[in-house]
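Enquirer: First, the structure itself, so that you have it in front of you.
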Amino acid sequence: MTTPLALAIVAVFVQVALTLWAIVAMGRKRLASLKRRDTQFGDIALDPMNFSQDVRAWQNNAHNQFETPILLYAGVGLAAALGAANWGVAIGAVLYAVSRIVHRVIHVGSNHLPTRFRVFLIGLLGLALLWVALGVELLLA
């Protein structure tokens, strides 16, 4: 049987893999733009936001993997360190990680903002569940 902590840790590994995937994909898009000469080195020497709009979407998504995921890492880390992982922590972590995958697909695909925002909110709901469940577990301990 899978434990809540094991499931939460799987969600962390999924998020780390997503982050690495985003970084590699961004790098490939940047290199392709430079090879096609759509972007010159001088254009980006001081500001990588001078890449074309299609490359910036991939850059923004890679940078996005360093914003709210810190709350996943901190929450699961605390739950593990304090022995306070429960099913709320696990389900919140998994909900968040899955939402991040869907968010990425939308962000670098259609980038339909209303849909992307709804998926972002689902991820925030997952984080809120994780942290509320962790807080309740610690209060009851």
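Residues in the structure tokens are numbered from 1 in each chain, the chains being A, B, ... in the order shown, and ligands are numbered from 1 in the order shown.
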I want to know what sits within 7 Å of His103 in chain A, based on only C-alpha atoms, with residues of the same chain fewer than 6 positions away left out; could you give that as a VMD selection string?
Expert: chain A and resid 116 119 to 120
Enquirer: Selection from above, C-alpha atoms, as a JSON list (two decimals), in the first residue's frame, can you write it?
Expert:
[["chain", "number", "residue", "atom", "x", "y", "z"],
["A", 116, "ARG", "CA", -4.62, 28.47, -18.22],
["A", 119, "VAL", "CA", -5.77, 25.29, -14.27],
["A", 120, "PHE", "CA", -3.53, 27.62, -12.24]]
Enquirer: Would you mind telling me which residue in A:Ala17, A:Ile44, A:Leu82, A:Met26 lies nearest to Val98 in chain A when using only C-alpha atoms?
Expert: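 So, comparing all the options, the nearest one is A:Ala17.
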Enquirer: As a ChimeraX atom specification, please: all residues of chain A that backbone DSSP puts in alpha helix (DSSP H).
Expert: /A:4-35,41-44,53-64,69-81,87-108,113-140
Enquirer: Can I get the selected residues back with C-alpha atoms, as an mmCIF file, in the first residue's frame?
Expert:
data_model
loop_
_atom_site.group_PDB
_atom_site.id
_atom_site.type_symbol
_atom_site.label_atom_id
_atom_site.label_comp_id
_atom_site.auth_asym_id
_atom_site.auth_seq_id
_atom_site.Cartn_x
_atom_site.Cartn_y
_atom_site.Cartn_z
ATOM 1 C CA PRO A 4 0.703 9.488 1.913
ATOM 2 C CA LEU A 5 4.343 10.543 2.218
ATOM 3 C CA ALA A 6 5.427 8.301 -0.653
ATOM 4 C CA LEU A 7 2.687 9.728 -2.868
ATOM 5 C CA ALA A 8 3.611 13.307 -1.927
ATOM 6 C CA ILE A 9 7.262 12.599 -2.713
ATOM 7 C CA VAL A 10 6.272 11.208 -6.111
ATOM 8 C CA ALA A 11 4.493 14.535 -6.758
ATOM 9 C CA VAL A 12 7.708 16.372 -5.853
ATOM 10 C CA PHE A 13 9.699 14.234 -8.290
ATOM 11 C CA VAL A 14 7.093 14.901 -10.994
ATOM 12 C CA GLN A 15 7.441 18.652 -10.408
ATOM 13 C CA VAL A 16 11.251 18.434 -10.502
ATOM 14 C CA ALA A 17 11.061 16.468 -13.770
ATOM 15 C CA LEU A 18 8.671 19.060 -15.177
ATOM 16 C CA THR A 19 11.082 21.833 -14.217
ATOM 17 C CA LEU A 20 14.029 20.084 -15.866
ATOM 18 C CA TRP A 21 11.910 19.420 -18.958
ATOM 19 C CA ALA A 22 10.939 23.100 -19.112
ATOM 20 C CA ILE A 23 14.557 24.241 -18.817
ATOM 21 C CA VAL A 24 15.778 21.872 -21.534
ATOM 22 C CA ALA A 25 12.898 22.782 -23.856
ATOM 23 C CA MET A 26 13.553 26.493 -23.294
ATOM 24 C CA GLY A 27 17.227 26.007 -24.108
ATOM 25 C CA ARG A 28 16.401 24.149 -27.292
ATOM 26 C CA LYS A 29 14.012 26.921 -28.384
ATOM 27 C CA ARG A 30 16.642 29.570 -27.641
ATOM 28 C CA LEU A 31 19.347 27.722 -29.585
ATOM 29 C CA ALA A 32 17.010 27.159 -32.533
ATOM 30 C CA SER A 33 16.195 30.866 -32.607
ATOM 31 C CA LEU A 34 19.890 31.748 -32.610
ATOM 32 C CA LYS A 35 20.693 29.190 -35.319
ATOM 33 C CA PHE A 41 23.580 37.455 -29.555
ATOM 34 C CA GLY A 42 23.706 41.225 -29.093
ATOM 35 C CA ASP A 43 19.926 41.299 -28.754
ATOM 36 C CA ILE A 44 19.992 39.041 -25.726
ATOM 37 C CA GLN A 53 7.498 35.960 -28.700
ATOM 38 C CA ASP A 54 7.400 32.200 -29.385
ATOM 39 C CA VAL A 55 10.673 31.683 -27.464
ATOM 40 C CA ARG A 56 9.514 33.949 -24.622
ATOM 41 C CA ALA A 57 6.519 31.685 -23.978
ATOM 42 C CA TRP A 58 8.927 28.813 -23.291
ATOM 43 C CA GLN A 59 11.156 31.084 -21.184
ATOM 44 C CA ASN A 60 8.202 32.298 -19.152
ATOM 45 C CA ASN A 61 7.090 28.746 -18.546
ATOM 46 C CA ALA A 62 10.558 27.684 -17.385
ATOM 47 C CA HIS A 63 10.722 30.658 -15.009
ATOM 48 C CA ASN A 64 7.215 29.816 -13.825
ATOM 49 C CA PRO A 69 6.476 25.049 -6.743
ATOM 50 C CA ILE A 70 8.521 26.247 -3.771
ATOM 51 C CA LEU A 71 5.325 25.898 -1.722
ATOM 52 C CA LEU A 72 5.061 22.259 -2.795
ATOM 53 C CA TYR A 73 8.681 21.556 -1.894
ATOM 54 C CA ALA A 74 8.421 23.299 1.479
ATOM 55 C CA GLY A 75 5.116 21.663 2.395
ATOM 56 C CA VAL A 76 6.171 18.140 1.497
ATOM 57 C CA GLY A 77 9.577 18.680 3.102
ATOM 58 C CA LEU A 78 7.985 19.836 6.344
ATOM 59 C CA ALA A 79 5.480 16.990 6.295
ATOM 60 C CA ALA A 80 8.328 14.508 5.853
ATOM 61 C CA ALA A 81 10.598 16.090 8.465
ATOM 62 C CA TRP A 87 -3.794 11.955 2.756
ATOM 63 C CA GLY A 88 -4.680 15.642 2.464
ATOM 64 C CA VAL A 89 -1.000 16.482 2.002
ATOM 65 C CA ALA A 90 -0.627 13.702 -0.565
ATOM 66 C CA ILE A 91 -3.760 14.552 -2.550
ATOM 67 C CA GLY A 92 -2.919 18.256 -2.518
ATOM 68 C CA ALA A 93 0.612 17.543 -3.745
ATOM 69 C CA VAL A 94 -0.588 15.268 -6.537
ATOM 70 C CA LEU A 95 -3.338 17.686 -7.583
ATOM 71 C CA TYR A 96 -0.766 20.468 -7.744
ATOM 72 C CA ALA A 97 1.783 18.458 -9.755
ATOM 73 C CA VAL A 98 -0.810 17.274 -12.271
ATOM 74 C CA SER A 99 -2.143 20.814 -12.656
ATOM 75 C CA ARG A 100 1.387 22.053 -13.372
ATOM 76 C CA ILE A 101 1.739 19.594 -16.246
ATOM 77 C CA VAL A 102 -1.575 20.711 -17.736
ATOM 78 C CA HIS A 103 -0.639 24.359 -17.144
ATOM 79 C CA ARG A 104 2.633 23.877 -19.019
ATOM 80 C CA VAL A 105 0.939 22.224 -21.992
ATOM 81 C CA ILE A 106 -1.471 25.149 -22.238
ATOM 82 C CA HIS A 107 1.220 27.787 -21.591
ATOM 83 C CA VAL A 108 3.496 26.677 -24.435
ATOM 84 C CA LEU A 113 -5.533 32.530 -20.824
ATOM 85 C CA PRO A 114 -8.943 31.711 -19.314
ATOM 86 C CA THR A 115 -8.187 27.974 -19.417
ATOM 87 C CA ARG A 116 -4.621 28.469 -18.215
ATOM 88 C CA PHE A 117 -5.876 30.585 -15.310
ATOM 89 C CA ARG A 118 -8.466 27.974 -14.286
ATOM 90 C CA VAL A 119 -5.770 25.292 -14.268
ATOM 91 C CA PHE A 120 -3.534 27.617 -12.239
ATOM 92 C CA LEU A 121 -6.351 28.013 -9.697
ATOM 93 C CA ILE A 122 -6.718 24.235 -9.469
ATOM 94 C CA GLY A 123 -3.012 24.070 -8.649
ATOM 95 C CA LEU A 124 -3.422 26.704 -5.969
ATOM 96 C CA LEU A 125 -6.313 24.683 -4.557
ATOM 97 C CA GLY A 126 -3.972 21.699 -4.379
ATOM 98 C CA LEU A 127 -1.383 23.761 -2.519
ATOM 99 C CA ALA A 128 -4.019 25.109 -0.147
ATOM 100 C CA LEU A 129 -5.238 21.581 0.564
ATOM 101 C CA LEU A 130 -1.672 20.434 1.210
ATOM 102 C CA TRP A 131 -0.967 23.264 3.657
ATOM 103 C CA VAL A 132 -4.330 23.091 5.451
ATOM 104 C CA ALA A 133 -3.967 19.314 5.854
ATOM 105 C CA LEU A 134 -0.425 19.784 7.137
ATOM 106 C CA GLY A 135 -1.563 22.464 9.580
ATOM 107 C CA VAL A 136 -4.428 20.344 10.871
ATOM 108 C CA GLU A 137 -2.108 17.366 11.301
ATOM 109 C CA LEU A 138 0.341 19.469 13.296
ATOM 110 C CA LEU A 139 -2.399 20.996 15.440
ATOM 111 C CA LEU A 140 -3.795 17.584 16.276
#
Enquirer: To one decimal place in Å, what is the distance between CA of Ser52 in chain A and CA of Arg36 in chain A?
Expert: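 Here the two named atoms are 11.7 Å from each other.
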Enquirer: What does the distance from CA of Gln65 in chain A to CA of Asn111 in chain A come to in Å, to one decimal?
Expert: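 So the answer is 16.0 Å.
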